[in-house]
Every structure is written in structure tokens, then in C-alpha cells.
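**Student:** Below you'll find the structure I mean.
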Amino acid sequence: MKYAARKPFPEGFLWGASTSGYQVEGAWDEDGKGKSIVDVRTDFPHGTTDYTVAADHYHHVDEDVALFGELCLKAYRFSIQWTRIVPDGDGELSAKGVAFYHRLIDGLIAQGIEPIVTMYHFDLPQALAEKGGWGSRATVDAFVRYAEELYREFGPKVAYWLTINEQNMMVLYGSALDILDGPLNREVSAYQKNHHMLLAQARAMSRLREMVPGAKIGPAPNIAYVYPESCKPDDVVAASDFNAIRNWLYLDVAVHGRYHPIAWAYLEARGLTPTIEPGDAQILAAAKPDFIGFNYYATHTAAAPCGAGDEAAIEGGDPQIFMGEPGIFRAIANPHLKKNAFGWEIDPVGFRITLREIYERYHLPLLVTENGLGAFDEVAPDGSIHDDYRIEYLRAHIEQMQWAIADGVEVMGYCPWSAIDLVSTHHGISKRYGFVYVDRGEHDLRTLGRSKKDSFFWYRRLIEANGLV
Ligand code: BGP
């Protein structure tokens, strides 16, 4: 639909920015922090850096929060590292780890920035992975206990909580990136682990209700609408199947407490249905999110499977993301979309479509927890960073989000990835997303100094105007 005029963003809209603990903090073994599965990873693609220093946010926290204040952020979405709070995942708490996040949260609040806490962002404690990881129900109990500790400590200060970042990406591609259980526990199916994570999420949502009345909580999957390659009915079925497997499986359980029928049929056909124990259905049904958080980077396009080579990845795209599945769908490069420097498609209109689809299905307010452009930024001789490509990307997506608001979609906030440069999941530090530049290379740590990119000043003006200017 085309409208004559845009609707303004609502008052109190949460203009924010995102990071995750292990990608930004560094100090991976300081002050009693335990190791997580990402800390012990060694096989980095393209010879990129590990996460030991990252953006060294742990040692720059006051400076970074001051920059976020200067950026006029209304919200900051970050993750707490489980291993900073409970070093071995289910034992003693670390007082120093707890103190670090109090310092961060207090700093944000002093700047008038709403903290939005992700409880879990790919960083399972290694000690738990060694005891069975997400394949074991003991990890569900450990997660719930960790969540309770977070609510007890930070509940009085934090109004918005996110359970698990990109659970669907962990299940679909986690073994390729070692972000599910690390290289361990591969004998347990990813869908059994998924079921355990869904239980952990449901119990954590229910405990927040009891422990911090008034606080709000939601899931944070990566949702990308899947287009059919053509109007050929078989292509439409393939797209619908992949939508169910990739997107709705996760949100249906989070919101309705039951598995999506097509996703369940897929699990049955593949012999992948999880063991569901007595009481699980009640746990899932009892939990209700207040909002849906989701990460959006680009849509997908699917064609009917053709029997051979369905699993081939799109050439030039990210193999972990643009892969088909035999008998289900073939991944297609969308000829109508541009690509970024890493072969990822760029689809702002797909953002509007994705917002509309989620809202139509679930009728809950939406919080965009990630969206952004990874690029090779260059520092000019005078120290400035002219990232006009990032401004263009964000502007186009914000514009489409505003059209979604005109469509009647309730959007409560937008937290692009990332507040500050950090170590990317796929491409190290060279693939930058931040409004704030961090002076370091893949293996040369340089000064780790901070500087503001052009997008910093642009985003600040936008926030001050409560929308596009
Ligand atoms: C999401 C993750 C983030 C972040 C982002 C960008 O999947 O939640 O942690 O890494 O993708 O991906 P990349 O860093 O690979 O460009």
C-alpha cells in the first residue's frame, strides 16, 4: 500500500543500538570470568581474530557509555555473559562479574539510556558444554537459575529483557559456527537441544513475571521473510515450508506455547522430533512474552527442490545462511536486490514485509534488536570515517519501518547492530558495523581508541528528531 504521508514514530520510541558481550567486551579471562564455548574456539574463518580482546569494552566501559550518551541513545541492547556471572555455569556467582554489569547499567541509567538485556548470546559456559550442553536438561535448570540471579541482581534496574539471541540460527547453522555446544555433544540432535532451549526460555519468562512484576520480556530470533522465487505453486510451497522451519517454529512456541504444524511435520518426516517429557507442554503454554524482539538483516528466496543439488549455497553469499535443504527448498539469489561487500543481500522493503508478517501472526509489539551493514570502513587522514553507505542502509530500513508503522504494525524500538565496532561472527573485526570506530586490526591491537563515524552524527540527529529528518 502507498500512503500519502508517513506516520510519526510514537513518543518514547526506543531508538537504540546493540552489542553482545563476547563480541565487544574482551577481558575474556579476567576477574574470575569462566570460559564459554566462544572463548575456546580456535578455528576462525579467513584467519580472523578471536574474542579475547574484542573492542576491550570491559576496560573502556565508562568511555563507551559516555559516547552512547553523546549519541543520544534512548536504549542500549547488550548481552550479559553467563560466564561472568556464574563462571562454571551452575556454581558460585562471581562478585566482580556482577559488579561489572551494575557499573554498565548504572552508567546507562545516569545517561537516560534504557538498558535492554539479552541473557544469552551464543556463549554457553564451556563447563556446561562439557557436561552435555543443551543436549542435557541440567542445562535448562542451570539457565533458569542464572536467569533468577539476573532478575534478583538487576531486576530493579532493567525493564526490558531478551531471552536467547538467534536460537534459530544456533539450531540451523550452529554446528558450522560452533555456537550451539561448541564441537561437543554432536550426537544429540539440534532439535532436541532446541526443545531444551525453548523450555529454558519459557521457564525464564515465567520466572520474570513472578520475580519482577512490570518488567517485560521477549525472545530474540533472527527473522527473515522467505519469498518464493516465482508464482509457481511449488515455489510457494517451498517458501512456506522454509518460513515455517526458519521463522515460525521458534515464534509459535515462544508466543503460543506449541509447535508450528508444518515445522512439526518437517521434524517428523526427518525423524528429528524431540523427546517431549510430561509437563513440557504445560511449561511452554504457561509462558507469554510481552513483545517480540527480532534481528533482521535480509530476506531469503526459495525455489521448489529439484532432487539434486538442493543444498547448494548461493554463489558469493554466506554459505551458512544462503544454503538450501535437500527435498525442502533451493536457495535462490534474489535478482532484485543489491549485495553488500560480503555478499549479503540488502532488502529494506523486505524489512517492512517481515515486520508486517510477524505482527499479523502474533499481535505483539515488535522490538528490532539487530539490523545493520557490515563494511570495511576506512579512516581518512584527518581521522574522520565517511560511512555514507551505512547511513544509506540504515535510512532505507528506517523508512520502511515507518511504512510498517503506517500499516498498523506496533514497533516499540529499533536497535541497529552495532553501537560500536566489535568482532563479527563470520569476519573478525575487519567487518565493521558500529557508529563508533575502534582502532584495532585483526591481530594488531593498535590504540583501541574510539572515534565517531559520520553515521554517529547522522543517527544522533535522527534520534533528536524522533525519526528521519
Ligand atoms: C547476528 C548475531 C550477531 C552479529 C550479526 C552480524 O546473527 O546475532 O552476533 O554477529 O549477526 O553477523 P556477522 O557478524 O557475521 O556479520
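Each chain of the C-alpha cells is named A, B, ... in the order shown, its residues numbered from 1; ligands are numbered from 1 in display order.
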Hey, what does DSSP flag as strand (DSSP E or B) within segment 100-207 of chain A? Can you give it to me as a count of residues only?

**Tutor:** 16

**Student:** At a cut-off of 7 Å, can you tabulate as a Markdown table every residue of chain A near ligand 1 together with its closest atom pair and the distance in Å to one decimal, using only C-alpha atoms and all ligand atoms and ordering rows by chain then number?

**Tutor:**
| residue | atom | partner | partner_atom_place_in_ligand_line | distance |
| --- | --- | --- | --- | --- |
| A:Ser20 | CA | ligand 1 | 9 (O) | 6.3 |
| A:Asn165 | CA | ligand 1 | 8 (O) | 6.1 |
| A:Glu166 | CA | ligand 1 | 8 (O) | 6.0 |
| A:Asn222 | CA | ligand 1 | 7 (O) | 6.9 |
| A:Gly374 | CA | ligand 1 | 16 (O) | 5.8 |
| A:Val423 | CA | ligand 1 | 14 (O) | 6.8 |
| A:Ser424 | CA | ligand 1 | 14 (O) | 3.2 |
| A:Thr425 | CA | ligand 1 | 14 (O) | 3.8 |
| A:His426 | CA | ligand 1 | 15 (O) | 3.8 |
| A:His427 | CA | ligand 1 | 15 (O) | 6.1 |
| A:Lys431 | CA | ligand 1 | 16 (O) | 6.7 |

**Student:** Can you spit out the residues from that selection as an mmCIF file, in the first residue's frame, using C-alpha atoms?

**Tutor:**
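The resulting out_36.cif:
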data_model
loop_
_atom_site.group_PDB
_atom_site.id
_atom_site.type_symbol
_atom_site.label_atom_id
_atom_site.label_comp_id
_atom_site.auth_asym_id
_atom_site.auth_seq_id
_atom_site.Cartn_x
_atom_site.Cartn_y
_atom_site.Cartn_z
ATOM 1 C CA SER A 20 26.783 -8.705 22.524
ATOM 2 C CA ASN A 165 19.669 -14.428 20.803
ATOM 3 C CA GLU A 166 19.079 -16.114 17.454
ATOM 4 C CA ASN A 222 16.629 -13.830 13.553
ATOM 5 C CA GLY A 374 28.903 -4.778 7.814
ATOM 6 C CA VAL A 423 34.245 -8.725 16.377
ATOM 7 C CA SER A 424 31.835 -10.076 13.791
ATOM 8 C CA THR A 425 30.559 -13.655 13.932
ATOM 9 C CA HIS A 426 31.837 -14.515 10.463
ATOM 10 C CA HIS A 427 34.547 -11.997 9.520
ATOM 11 C CA LYS A 431 33.775 -6.321 9.046
#

**Student:** Write down as an MDAnalysis selection string the residues belonging to segment 128-329 of chain A that are assigned alpha helix (DSSP H) by DSSP computed on the backbone.

**Tutor:** chainID A and resid 128:130 137:154 167:177 190:211 233:243 249:256 261:270 280:286

**Student:** Take the residues from that selection and put them in a file with C-alpha atoms, as a compact mmCIF listing (two decimals), in the first residue's frame.

**Tutor:**
# COMPACT_ATOMS: atom_id res chain seq x y z
CA LEU A 128 28.20 -26.91 30.85
CA ALA A 129 29.07 -27.89 27.28
CA GLU A 130 31.42 -30.48 28.77
CA ARG A 137 18.10 -30.97 30.75
CA ALA A 138 20.53 -29.97 33.51
CA THR A 139 21.49 -27.02 31.29
CA VAL A 140 17.85 -25.90 31.31
CA ASP A 141 17.91 -25.84 35.12
CA ALA A 142 21.25 -24.02 35.10
CA PHE A 143 19.89 -21.40 32.69
CA VAL A 144 16.82 -20.81 34.84
CA ARG A 145 18.98 -20.41 37.92
CA TYR A 146 21.22 -17.96 36.03
CA ALA A 147 18.12 -16.03 34.90
CA GLU A 148 16.90 -15.88 38.51
CA GLU A 149 20.25 -14.46 39.62
CA LEU A 150 19.99 -11.81 36.90
CA TYR A 151 16.46 -10.86 37.95
CA ARG A 152 17.49 -10.70 41.61
CA GLU A 153 20.53 -8.52 40.89
CA PHE A 154 19.38 -6.34 38.02
CA GLN A 167 18.10 -19.52 18.76
CA ASN A 168 17.03 -20.37 15.22
CA MET A 169 20.48 -19.59 13.80
CA MET A 170 22.09 -21.73 16.51
CA VAL A 171 19.87 -24.64 15.57
CA LEU A 172 20.10 -24.24 11.80
CA TYR A 173 23.77 -23.27 11.46
CA GLY A 174 25.22 -23.63 14.96
CA SER A 175 27.41 -26.62 14.23
CA ALA A 176 29.10 -24.81 11.34
CA LEU A 177 29.95 -21.86 13.58
CA ALA A 190 19.97 -29.86 17.22
CA TYR A 191 16.18 -30.09 17.56
CA GLN A 192 16.41 -31.85 20.91
CA LYS A 193 18.71 -29.03 22.04
CA ASN A 194 16.24 -26.58 20.55
CA HIS A 195 13.45 -28.09 22.62
CA HIS A 196 15.54 -27.68 25.75
CA MET A 197 16.28 -24.06 24.87
CA LEU A 198 12.57 -23.46 24.31
CA LEU A 199 11.87 -24.87 27.77
CA ALA A 200 14.65 -22.73 29.27
CA GLN A 201 13.19 -19.66 27.59
CA ALA A 202 9.64 -20.45 28.73
CA ARG A 203 10.67 -21.02 32.33
CA ALA A 204 12.79 -17.84 32.32
CA MET A 205 9.83 -15.83 31.00
CA SER A 206 7.53 -17.22 33.67
CA ARG A 207 10.06 -16.56 36.45
CA LEU A 208 10.41 -12.91 35.41
CA ARG A 209 6.64 -12.47 35.88
CA GLU A 210 6.93 -13.82 39.42
CA MET A 211 10.15 -12.09 40.41
CA PRO A 233 2.75 -23.08 -6.77
CA ASP A 234 5.62 -25.46 -5.92
CA ASP A 235 7.90 -22.48 -5.28
CA VAL A 236 5.27 -21.02 -2.96
CA VAL A 237 5.10 -24.28 -1.00
CA ALA A 238 8.92 -24.31 -0.70
CA ALA A 239 8.94 -20.73 0.61
CA SER A 240 6.12 -21.50 3.02
CA ASP A 241 7.98 -24.59 4.29
CA PHE A 242 11.18 -22.65 4.85
CA ASN A 243 9.26 -19.84 6.56
CA LEU A 249 8.76 -22.73 14.57
CA TYR A 250 10.55 -20.51 17.09
CA LEU A 251 7.98 -17.75 17.44
CA ASP A 252 4.97 -20.09 17.61
CA VAL A 253 6.44 -21.90 20.59
CA ALA A 254 7.54 -18.65 22.27
CA VAL A 255 4.13 -16.99 21.84
CA HIS A 256 1.56 -19.81 21.64
CA PRO A 261 2.23 -27.73 12.40
CA ILE A 262 4.35 -27.54 9.23
CA ALA A 263 7.58 -27.35 11.22
CA TRP A 264 6.45 -30.35 13.25
CA ALA A 265 5.60 -32.26 10.07
CA TYR A 266 9.12 -31.49 8.83
CA LEU A 267 10.65 -32.83 12.05
CA GLU A 268 8.54 -35.98 11.80
CA ALA A 269 9.46 -36.54 8.16
CA ARG A 270 13.16 -36.21 9.06
CA ASP A 280 6.86 -29.79 28.96
CA ALA A 281 3.68 -28.79 27.13
CA GLN A 282 2.38 -27.02 30.25
CA ILE A 283 5.68 -25.15 30.74
CA LEU A 284 5.61 -23.93 27.14
CA ALA A 285 1.93 -22.98 27.27
CA ALA A 286 2.26 -21.08 30.56

**Student:** Calculated over only C-alpha atoms, which of the candidates A:Gly34, A:Gly343, A:Gly428, A:Gly26 has the smallest distance to Ala313 of chain A?

**Tutor:**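 The answer is A:Gly343, which sits nearest to Ala313 of chain A.
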
**Student:** Can you pull out every residue within 9 Å of Gly12 of chain A, counting only C-alpha atoms, but drop anything in the same chain fewer than 5 positions away, and send it as a PyMOL selection string?

**Tutor:** chain A and resi 74+412-413+466

**Student:** Please dump the current selection as a CSV table (one decimal), in the first residue's frame; keep all heavy atoms.

**Tutor:**
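Result went into again08.csv, see below:
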chain,number,residue,atom,x,y,z
A,74,LYS,N,18.4,6.2,23.3
A,74,LYS,CA,17.3,6.1,24.3
A,74,LYS,C,17.4,4.7,24.9
A,74,LYS,O,16.8,4.4,26.0
A,74,LYS,CB,15.9,6.2,23.6
A,74,LYS,CG,15.7,7.5,22.8
A,74,LYS,CD,15.5,8.6,23.8
A,74,LYS,CE,15.2,9.9,23.0
A,74,LYS,NZ,15.8,11.1,23.6
A,412,MET,N,8.1,-0.9,18.9
A,412,MET,CA,8.4,-0.2,20.1
A,412,MET,C,9.9,0.3,20.1
A,412,MET,O,10.2,1.2,20.9
A,412,MET,CB,8.2,-1.0,21.3
A,412,MET,CG,8.8,-2.4,21.3
A,412,MET,SD,8.2,-3.5,22.6
A,412,MET,CE,9.4,-3.1,23.9
A,413,GLY,N,10.7,-0.2,19.2
A,413,GLY,CA,12.1,0.3,19.2
A,413,GLY,C,12.9,-0.3,18.1
A,413,GLY,O,12.5,-1.3,17.5
A,466,ASN,N,13.3,12.3,16.6
A,466,ASN,CA,12.4,11.2,16.7
A,466,ASN,C,12.0,10.6,15.3
A,466,ASN,O,10.8,10.3,15.1
A,466,ASN,CB,11.2,11.5,17.5
A,466,ASN,CG,10.4,10.2,18.0
A,466,ASN,OD1,11.0,9.2,18.2
A,466,ASN,ND2,9.1,10.3,18.0

**Student:** Given the choices A:Val379, A:Ala159, A:Ala302, A:Leu73, which gets closest to Arg450 of chain A if the distance is worked out from only C-alpha atoms?

**Tutor:** A:Val379

**Student:** Which residue out of A:Arg41, A:Arg432, A:His260, A:Arg461 has the minimum interatomic distance to Gly182 of chain A when only C-alpha atoms are used?

**Tutor:**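 Closest to Gly182 of chain A, using only C-alpha atoms: A:Arg41.
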
**Student:** Would you mind listing what lies within 6 Å of segment 303-310 of chain A as number ranges by chain, with only C-alpha atoms counted and same-chain residues fewer than 6 positions away left out?

**Tutor:** A: 228-229, 234-235, 238, 324-330

**Student:** Between A:Lys131, A:His59, A:His386, A:Lys33, single out the one closest to Ile85 of chain A, counting only C-alpha atoms.

**Tutor:**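 Ranked by minimum distance to Ile85 of chain A, first place goes to A:Lys33.
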
**Student:** Can you work out the spacing between atom CA of Gly218 of chain A and atom CA of Tyr296 of chain A in Å, to one decimal?

**Tutor:**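 Atom CA of Tyr296 of chain A lies 15.6 Å from atom CA of Gly218 of chain A.
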